[in-house]
Amino acid sequence: MFLLMLQIALASDSCPLKDNANANIQQIKANELSTVLTQAKGCQTLIEIWASWCGPCVSLAPYMSLFHKEHPEVLMLSVSVDNSYGAMAQFVKTHQVPGQIFHLNPWTMSDLKATFEPLDLTFPERIPYVVLLDSKGVAIQTLTEPSDLKELKVGSNTGQLIDP
C-alpha cells in the first residue's frame, strides 16, 4: 500500500512536458498555447512572451539564460510573437534562448488574452511578459516589461498571485 501511495505522489509531481523536452523551435498557433500550459502542470513553470524586435526583450535575454542555469528544476517556456520566423530563429541563436521555444504564428492580441484568462491573468499587451506558475498551473507571479528577474520569487508555491 505504501508503495502505491508513493507512486501516486511521484506521479502527481511529475512534469510530462519537461520529461518530453523538445530542443527545437516549435511552431504553434496561439490557440494551442493553452494546451502547452496544461501539459506543463506538474512543473513549476516560467513563461516568457517576447519578440526579437523588442528592446526590453533583448535586454532581458541574458537574465533568462542565467535564471535557467540557476534554476534547472523550473520548466521554461519561451514564446515568441515575432511575425518573422527568420528574425526569431536568429534571436534564439544569438541569445541562446533557454527552455522550450515556441513561435506563435498566427496570433492576435485577443488570442493572448484568451490564453491567460483561465489563469486569472489579464495579458498586459506589453512584452516581455513573464509569468511564474506553480506546479498546479496556478499563476503565482507576473512581471510586465521587467529589466531583470530580481523580483522573481522562485520556489514560492503559495497559490497567491504576487504582482510587483
# chains A, B, ... in the order shown; residues from 1 in each chain; ligands from 1
$ select_by_dssp --residues "chain A" --states "strand (DSSP E)" --output "PyMOL selection string"
chain A and resi 26-28+45-50+75-80+100-104+129-133+139-144
$ closest_residue --among "A:Gly155, A:Pro106, A:Gly137, A:Pro128" --to "Leu60 of chain A" --atoms "only C-alpha atoms"
A:Pro128
$ residues_around --residues "Thr108 of chain A" --least-positions-apart "3" --cutoff "8 Å" --atoms "only C-alpha atoms" --output "short mmCIF file (atom, residue, chain, number, x, y, z; two decimals) with all heavy atoms, in the first residue's frame"
data_model
loop_
_atom_site.label_atom_id
_atom_site.label_comp_id
_atom_site.auth_asym_id
_atom_site.auth_seq_id
_atom_site.Cartn_x
_atom_site.Cartn_y
_atom_site.Cartn_z
N ALA A 30 -1.63 30.33 -31.79
CA ALA A 30 -1.87 30.93 -30.48
C ALA A 30 -2.88 30.14 -29.66
O ALA A 30 -2.70 29.99 -28.44
CB ALA A 30 -2.33 32.37 -30.64
N ASP A 111 -6.13 36.54 -28.85
CA ASP A 111 -5.68 35.15 -28.61
C ASP A 111 -4.87 35.08 -27.32
O ASP A 111 -5.06 34.18 -26.50
CB ASP A 111 -4.79 34.65 -29.74
CG ASP A 111 -5.53 34.40 -31.05
OD1 ASP A 111 -6.74 34.11 -31.01
OD2 ASP A 111 -4.88 34.51 -32.10
N LEU A 112 -3.94 36.03 -27.15
CA LEU A 112 -3.10 36.03 -25.94
C LEU A 112 -3.94 36.30 -24.70
O LEU A 112 -3.73 35.68 -23.66
CB LEU A 112 -1.96 37.03 -26.08
CG LEU A 112 -0.90 36.64 -27.10
CD1 LEU A 112 0.13 37.75 -27.27
CD2 LEU A 112 -0.21 35.34 -26.71
#
$ closest_residue --among "A:Val74, A:Thr94, A:Leu66, A:Ser52" --to "Leu17 of chain A" --atoms "only C-alpha atoms"
A:Val74
$ residues_around --residues "Val36 of chain A" --least-positions-apart "3" --cutoff "12 Å" --atoms "only C-alpha atoms" --output "PyMOL selection string"
chain A and resi 15-18+20-21+26-33+39-41+45+47+75-79+100-102+104+115+137
$ atom_distance --atom1 "atom CA of His95 of chain A" --atom2 "atom CA of Ile25 of chain A"
14.0 Å
$ closest_residue --among "A:Lys136, A:Lys113, A:Lys93, A:His103" --to "Ala61 of chain A" --atoms "only C-alpha atoms"
A:Lys93
$ closest_residue --among "A:Trp50, A:Ala23, A:Lys153, A:Val58" --to "Asp134 of chain A" --atoms "only C-alpha atoms"
A:Lys153
$ closest_residue --among "A:Val131, A:Leu46, A:Val97, A:Leu119" --to "Thr144 of chain A" --atoms "only C-alpha atoms"
A:Val131
$ select_by_dssp --residues "segment 28-164 of chain A" --states "alpha helix (DSSP H)" --output "PyMOL selection string"
chain A and resi 33-39+55-70+85-95+109-116
$ write_last_selection --atoms "C-alpha atoms" --output "PDB file, in the first residue's frame"
ATOM      1  CA  LEU A  33      -0.625  27.699 -26.220  1.00  0.00           C
ATOM      2  CA  SER A  34      -3.334  26.838 -23.673  1.00  0.00           C
ATOM      3  CA  THR A  35      -2.699  23.144 -24.351  1.00  0.00           C
ATOM      4  CA  VAL A  36       1.032  23.635 -23.739  1.00  0.00           C
ATOM      5  CA  LEU A  37       0.279  25.324 -20.410  1.00  0.00           C
ATOM      6  CA  THR A  38      -1.994  22.434 -19.421  1.00  0.00           C
ATOM      7  CA  GLN A  39       0.800  19.984 -20.265  1.00  0.00           C
ATOM      8  CA  GLY A  55      14.327  46.237 -26.968  1.00  0.00           C
ATOM      9  CA  PRO A  56      13.354  45.221 -23.398  1.00  0.00           C
ATOM     10  CA  CYS A  57      13.186  41.578 -24.560  1.00  0.00           C
ATOM     11  CA  VAL A  58      16.750  41.820 -25.877  1.00  0.00           C
ATOM     12  CA  SER A  59      17.875  43.336 -22.558  1.00  0.00           C
ATOM     13  CA  LEU A  60      16.142  40.573 -20.578  1.00  0.00           C
ATOM     14  CA  ALA A  61      17.652  37.703 -22.610  1.00  0.00           C
ATOM     15  CA  PRO A  62      20.864  37.309 -20.532  1.00  0.00           C
ATOM     16  CA  TYR A  63      18.805  37.209 -17.321  1.00  0.00           C
ATOM     17  CA  MET A  64      16.627  34.452 -18.754  1.00  0.00           C
ATOM     18  CA  SER A  65      19.745  32.390 -19.551  1.00  0.00           C
ATOM     19  CA  LEU A  66      21.153  32.989 -16.072  1.00  0.00           C
ATOM     20  CA  PHE A  67      17.821  32.051 -14.486  1.00  0.00           C
ATOM     21  CA  HIS A  68      17.817  28.793 -16.465  1.00  0.00           C
ATOM     22  CA  LYS A  69      21.306  27.930 -15.199  1.00  0.00           C
ATOM     23  CA  GLU A  70      20.420  28.780 -11.584  1.00  0.00           C
ATOM     24  CA  TYR A  85      10.412  33.072 -38.265  1.00  0.00           C
ATOM     25  CA  GLY A  86      13.883  34.064 -39.517  1.00  0.00           C
ATOM     26  CA  ALA A  87      14.254  37.006 -37.139  1.00  0.00           C
ATOM     27  CA  MET A  88      13.009  34.887 -34.240  1.00  0.00           C
ATOM     28  CA  ALA A  89      15.347  31.997 -35.075  1.00  0.00           C
ATOM     29  CA  GLN A  90      18.306  34.395 -35.292  1.00  0.00           C
ATOM     30  CA  PHE A  91      17.401  35.861 -31.876  1.00  0.00           C
ATOM     31  CA  VAL A  92      17.227  32.344 -30.393  1.00  0.00           C
ATOM     32  CA  LYS A  93      20.666  31.534 -31.803  1.00  0.00           C
ATOM     33  CA  THR A  94      22.294  34.862 -30.869  1.00  0.00           C
ATOM     34  CA  HIS A  95      20.930  34.963 -27.317  1.00  0.00           C
ATOM     35  CA  MET A 109      -3.887  40.189 -29.005  1.00  0.00           C
ATOM     36  CA  SER A 110      -7.279  38.634 -28.227  1.00  0.00           C
ATOM     37  CA  ASP A 111      -5.681  35.153 -28.609  1.00  0.00           C
ATOM     38  CA  LEU A 112      -3.104  36.026 -25.945  1.00  0.00           C
ATOM     39  CA  LYS A 113      -5.760  37.486 -23.670  1.00  0.00           C
ATOM     40  CA  ALA A 114      -7.820  34.297 -24.045  1.00  0.00           C
ATOM     41  CA  THR A 115      -4.768  32.159 -23.213  1.00  0.00           C
ATOM     42  CA  PHE A 116      -4.130  33.933 -19.919  1.00  0.00           C
TER      43      PHE A 116
END
$ closest_residue --among "A:Gln96, A:Asn24, A:Gln44, A:Ser80" --to "Gln141 of chain A" --atoms "only C-alpha atoms"
A:Gln44
$ atom_distance --atom1 "atom CA of Ile127 of chain A" --atom2 "atom CA of Val154 of chain A"
20.5 Å
$ atom_distance --atom1 "atom CA of Trp53 of chain A" --atom2 "atom CA of Tyr129 of chain A"
14.4 Å
$ decode --residues "segment 132-143 of chain A" --atoms "all heavy atoms" --output "compact mmCIF listing (two decimals), in the first residue's frame"
# COMPACT_ATOMS: atom_id res chain seq x y z
N LEU A 132 5.10 33.23 -13.73
CA LEU A 132 5.57 32.07 -12.98
C LEU A 132 4.34 31.30 -12.50
O LEU A 132 3.46 31.87 -11.85
CB LEU A 132 6.43 32.50 -11.80
CG LEU A 132 7.03 31.38 -10.95
CD1 LEU A 132 8.00 30.52 -11.76
CD2 LEU A 132 7.73 31.97 -9.72
N LEU A 133 4.28 30.02 -12.88
CA LEU A 133 3.19 29.15 -12.46
C LEU A 133 3.71 28.14 -11.45
O LEU A 133 4.84 27.65 -11.57
CB LEU A 133 2.62 28.36 -13.65
CG LEU A 133 2.12 29.14 -14.85
CD1 LEU A 133 1.68 28.18 -15.95
CD2 LEU A 133 0.98 30.07 -14.47
N ASP A 134 2.87 27.82 -10.46
CA ASP A 134 3.26 26.75 -9.55
C ASP A 134 3.01 25.40 -10.24
O ASP A 134 2.55 25.36 -11.39
CB ASP A 134 2.55 26.87 -8.20
CG ASP A 134 1.05 26.59 -8.24
OD1 ASP A 134 0.54 26.09 -9.27
OD2 ASP A 134 0.38 26.87 -7.23
N SER A 135 3.31 24.32 -9.56
CA SER A 135 3.21 23.00 -10.19
C SER A 135 1.76 22.59 -10.48
O SER A 135 1.53 21.64 -11.22
CB SER A 135 3.89 21.95 -9.31
OG SER A 135 3.26 21.89 -8.05
N LYS A 136 0.80 23.32 -9.94
CA LYS A 136 -0.61 23.04 -10.23
C LYS A 136 -1.13 23.88 -11.39
O LYS A 136 -2.30 23.80 -11.73
CB LYS A 136 -1.45 23.27 -8.98
CG LYS A 136 -1.11 22.31 -7.87
CD LYS A 136 -1.90 22.59 -6.63
CE LYS A 136 -1.46 21.60 -5.55
NZ LYS A 136 -1.87 22.02 -4.23
N GLY A 137 -0.26 24.72 -11.96
CA GLY A 137 -0.67 25.57 -13.06
C GLY A 137 -1.31 26.87 -12.63
O GLY A 137 -1.93 27.55 -13.43
N VAL A 138 -1.13 27.22 -11.36
CA VAL A 138 -1.68 28.46 -10.82
C VAL A 138 -0.63 29.56 -10.93
O VAL A 138 0.53 29.35 -10.55
CB VAL A 138 -2.11 28.28 -9.34
CG1 VAL A 138 -2.57 29.60 -8.73
CG2 VAL A 138 -3.18 27.22 -9.23
N ALA A 139 -1.03 30.71 -11.44
CA ALA A 139 -0.10 31.85 -11.56
C ALA A 139 0.24 32.36 -10.17
O ALA A 139 -0.66 32.69 -9.38
CB ALA A 139 -0.73 32.95 -12.40
N ILE A 140 1.54 32.42 -9.87
CA ILE A 140 1.96 32.94 -8.58
C ILE A 140 2.73 34.25 -8.70
O ILE A 140 2.93 34.93 -7.69
CB ILE A 140 2.78 31.90 -7.77
CG1 ILE A 140 3.96 31.37 -8.56
CG2 ILE A 140 1.88 30.77 -7.32
CD1 ILE A 140 4.85 30.40 -7.79
N GLN A 141 3.10 34.61 -9.93
CA GLN A 141 3.78 35.90 -10.10
C GLN A 141 3.79 36.29 -11.57
O GLN A 141 3.87 35.44 -12.45
CB GLN A 141 5.22 35.84 -9.59
CG GLN A 141 5.88 37.19 -9.50
CD GLN A 141 7.22 37.14 -8.79
OE1 GLN A 141 7.76 36.07 -8.53
NE2 GLN A 141 7.74 38.29 -8.47
N THR A 142 3.68 37.59 -11.81
CA THR A 142 3.80 38.13 -13.16
C THR A 142 4.77 39.30 -13.14
O THR A 142 4.86 40.02 -12.14
CB THR A 142 2.45 38.61 -13.73
OG1 THR A 142 1.98 39.70 -12.93
CG2 THR A 142 1.42 37.51 -13.77
N LEU A 143 5.48 39.48 -14.23
CA LEU A 143 6.35 40.63 -14.42
C LEU A 143 6.05 41.18 -15.82
O LEU A 143 6.11 40.44 -16.79
CB LEU A 143 7.83 40.25 -14.32
CG LEU A 143 8.32 39.61 -13.02
CD1 LEU A 143 9.76 39.15 -13.17
CD2 LEU A 143 8.19 40.57 -11.86
